[in-house]
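Enquirer: Structure incoming, see below.
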Amino acid sequence: MAMRRANGSGNVVKMKGNRRKPWRARVTVGWTEDGKQILKNIGYFESRKEADKALVDYLSCPYDLTATQMTFKELYEVWFGEYREKLSGVSSERTIKPAFSYCSSLYQMKVRDIRSYHLEECMRTGEVLVTRGKDKGACARLRQEPKPG
(Lines give C-alpha, C1' and ligand atoms only; values in the text may rest on other atoms or scores of the structure.)
Protein backbone atom coordinates (compact mmCIF):
# COMPACT_ATOMS: atom_id res chain seq x y z
CA MET A 1 0.00 0.00 0.00
CA ALA A 2 1.38 3.38 -1.01
CA MET A 3 1.73 6.27 1.40
CA ARG A 4 -0.74 9.12 1.35
CA ARG A 5 0.37 12.11 -0.71
CA ALA A 6 0.65 15.62 0.65
CA ASN A 7 -2.14 18.08 -0.08
CA GLY A 8 -1.83 19.58 -3.55
CA SER A 9 0.55 16.90 -4.84
CA GLY A 10 -1.97 15.06 -7.06
CA ASN A 11 -3.19 11.50 -6.91
CA VAL A 12 -2.81 8.11 -8.55
CA VAL A 13 -5.84 5.82 -8.79
CA LYS A 14 -6.54 2.46 -10.37
CA MET A 15 -9.43 2.58 -12.82
CA LYS A 16 -12.13 -0.12 -12.79
CA GLY A 17 -12.36 -2.76 -15.46
CA ASN A 18 -9.91 -4.64 -17.62
CA ARG A 19 -7.69 -1.94 -19.11
CA ARG A 20 -4.33 -1.90 -20.83
CA LYS A 21 -3.30 1.15 -18.77
CA PRO A 22 -5.40 1.09 -15.58
CA TRP A 23 -3.43 3.61 -13.48
CA ARG A 24 -4.41 7.29 -13.80
CA ALA A 25 -2.30 10.18 -12.51
CA ARG A 26 -3.95 13.58 -12.08
CA VAL A 27 -3.45 16.94 -10.39
CA THR A 28 -5.65 19.70 -9.06
CA VAL A 29 -5.35 22.79 -11.27
CA GLY A 30 -7.90 24.96 -9.48
CA TRP A 31 -11.14 25.19 -7.57
CA THR A 32 -14.70 26.03 -8.55
CA GLU A 33 -16.66 28.75 -6.77
CA ASP A 34 -18.53 26.12 -4.75
CA GLY A 35 -15.25 24.59 -3.49
CA LYS A 36 -14.91 21.57 -5.79
CA GLN A 37 -11.56 20.58 -7.31
CA ILE A 38 -10.80 21.05 -10.97
CA LEU A 39 -8.73 17.97 -11.87
CA LYS A 40 -6.62 17.41 -14.99
CA ASN A 41 -5.23 14.08 -16.10
CA ILE A 42 -1.51 13.75 -16.57
CA GLY A 43 -1.96 10.37 -18.22
CA TYR A 44 -2.77 6.68 -17.97
CA PHE A 45 -0.10 4.10 -17.15
CA GLU A 46 0.47 0.34 -17.06
CA SER A 47 1.77 0.33 -13.48
CA ARG A 48 1.40 2.38 -10.34
CA LYS A 49 5.15 2.96 -10.32
CA GLU A 50 4.99 4.59 -13.79
CA ALA A 51 2.04 6.77 -12.73
CA ASP A 52 3.84 7.87 -9.54
CA LYS A 53 6.97 8.72 -11.53
CA ALA A 54 4.95 10.75 -14.07
CA LEU A 55 3.27 12.64 -11.23
CA VAL A 56 6.60 13.39 -9.52
CA ASP A 57 8.08 14.51 -12.87
CA TYR A 58 5.10 16.77 -13.50
CA LEU A 59 5.28 18.32 -10.02
CA SER A 60 9.02 18.98 -10.35
CA CYS A 61 8.53 20.76 -13.69
CA PRO A 62 4.85 21.42 -14.55
CA TYR A 63 3.91 21.58 -18.21
CA ASP A 64 0.81 22.79 -20.01
CA LEU A 65 -1.76 19.99 -19.82
CA THR A 66 -3.85 21.55 -22.60
CA ALA A 67 -0.93 21.45 -25.05
CA THR A 68 -2.06 18.06 -26.37
CA GLN A 69 -5.23 19.74 -27.67
CA MET A 70 -3.33 22.52 -29.48
CA THR A 71 -3.83 22.88 -33.22
CA PHE A 72 -1.00 23.48 -35.69
CA LYS A 73 -2.15 27.08 -36.22
CA GLU A 74 -2.27 27.78 -32.45
CA LEU A 75 1.23 26.35 -32.04
CA TYR A 76 2.52 28.55 -34.87
CA GLU A 77 0.94 31.65 -33.30
CA VAL A 78 2.54 30.93 -29.92
CA TRP A 79 5.93 30.08 -31.44
CA PHE A 80 6.00 33.00 -33.89
CA GLY A 81 4.96 35.46 -31.19
CA GLU A 82 8.09 34.54 -29.23
CA TYR A 83 10.37 34.04 -32.26
CA ARG A 84 9.46 37.40 -33.86
CA GLU A 85 11.46 39.22 -31.15
CA LYS A 86 14.65 37.40 -32.23
CA LEU A 87 14.33 38.25 -35.93
CA SER A 88 16.79 40.69 -37.44
CA GLY A 89 14.33 42.49 -39.70
CA VAL A 90 11.13 42.59 -41.69
CA SER A 91 12.60 40.46 -44.49
CA SER A 92 13.02 37.54 -42.07
CA GLU A 93 9.37 37.79 -41.10
CA ARG A 94 8.35 37.87 -44.78
CA THR A 95 10.20 34.58 -45.28
CA ILE A 96 8.54 32.72 -42.41
CA LYS A 97 4.92 33.75 -43.03
CA PRO A 98 4.70 32.38 -46.60
CA ALA A 99 6.38 29.16 -45.50
CA PHE A 100 3.64 28.72 -42.90
CA SER A 101 0.96 29.42 -45.51
CA TYR A 102 2.10 26.31 -47.42
CA CYS A 103 0.69 24.26 -44.55
CA SER A 104 -2.89 25.59 -44.63
CA SER A 105 -4.22 22.02 -44.80
CA LEU A 106 -2.77 21.41 -41.31
CA TYR A 107 -4.10 24.55 -39.59
CA GLN A 108 -6.99 22.81 -37.78
CA MET A 109 -5.19 19.51 -37.07
CA LYS A 110 -4.04 18.77 -33.54
CA VAL A 111 -0.25 18.83 -33.37
CA ARG A 112 -0.14 15.38 -31.80
CA ASP A 113 -2.01 13.93 -34.83
CA ILE A 114 0.37 15.34 -37.46
CA ARG A 115 2.67 12.77 -39.04
CA SER A 116 5.60 13.09 -41.41
CA TYR A 117 3.43 12.22 -44.42
CA HIS A 118 1.20 15.23 -43.64
CA LEU A 119 4.23 17.52 -43.75
CA GLU A 120 5.51 15.85 -46.90
CA GLU A 121 2.13 16.45 -48.58
CA CYS A 122 2.33 20.15 -47.67
CA MET A 123 5.77 20.43 -49.23
CA ARG A 124 4.76 18.47 -52.33
CA THR A 125 1.41 20.11 -53.12
CA GLY A 126 2.16 23.61 -51.84
CA GLU A 127 -1.38 24.88 -51.28
CA VAL A 128 -1.91 28.26 -49.69
CA LEU A 129 -5.03 29.80 -48.18
CA VAL A 130 -5.89 33.00 -50.11
CA THR A 131 -6.26 35.93 -47.68
CA ARG A 132 -7.16 38.76 -50.09
CA GLY A 133 -9.17 39.46 -53.23
CA LYS A 134 -12.15 37.76 -54.80
CA ASP A 135 -10.83 34.25 -53.98
CA LYS A 136 -10.41 34.96 -50.24
CA GLY A 137 -10.74 31.76 -48.21
CA ALA A 138 -10.02 29.44 -51.14
CA CYS A 139 -6.96 27.23 -51.52
CA ALA A 140 -4.56 28.16 -54.32
CA ARG A 141 -1.66 26.09 -55.57
CA LEU A 142 1.67 27.89 -55.22
CA ARG A 143 3.70 25.81 -57.60
CA GLN A 144 3.36 22.80 -59.84
CA GLU A 145 5.53 19.77 -59.21
CA PRO A 146 7.58 18.76 -62.26
CA LYS A 147 6.33 15.59 -63.89
CA PRO A 148 8.82 12.72 -64.08
CA GLY A 149 10.02 11.60 -67.49
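Lettering and numbering for the C-alpha coordinates are positional, with chains as A, B, ... in the shown order, residues counted from 1 in each chain, and ligands counted from 1 in the shown order.
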Just the residues within 10 Å of region 111-122 of chain A, please, counting only C-alpha atoms, with nothing from its chain fewer than 2 positions along; format it as a ChimeraX atom specification.

Expert: /A:67-75,100-109,124-128

Enquirer: Write down as number ranges by chain the residues of chain A whose backbone DSSP state falls under strand (DSSP E or B).

Expert: A: 11-14, 23-31, 37-45, 71, 103, 110, 127-129, 139-141

Enquirer: Where in region 21-88 of chain A does DSSP assign helix (DSSP H, G or I), given as an MDAnalysis selection string?

Expert: chainID A and resid 48:60 67:69 72:86

Enquirer: For Ile42 (chain A), work out the shell of residues within 10 Å, counting only C-alpha atoms and skipping chain neighbours fewer than 2 positions away, then give it as a list in words.

Expert: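 Non-adjacent residues within range: Gly10, Val12, Arg24, Ala25, Arg26, Val27, Leu39, Lys40, Tyr44, Phe45, Ala51, Ala54, Leu55, Tyr58, Tyr63, Asp64 and Leu65 of chain A.
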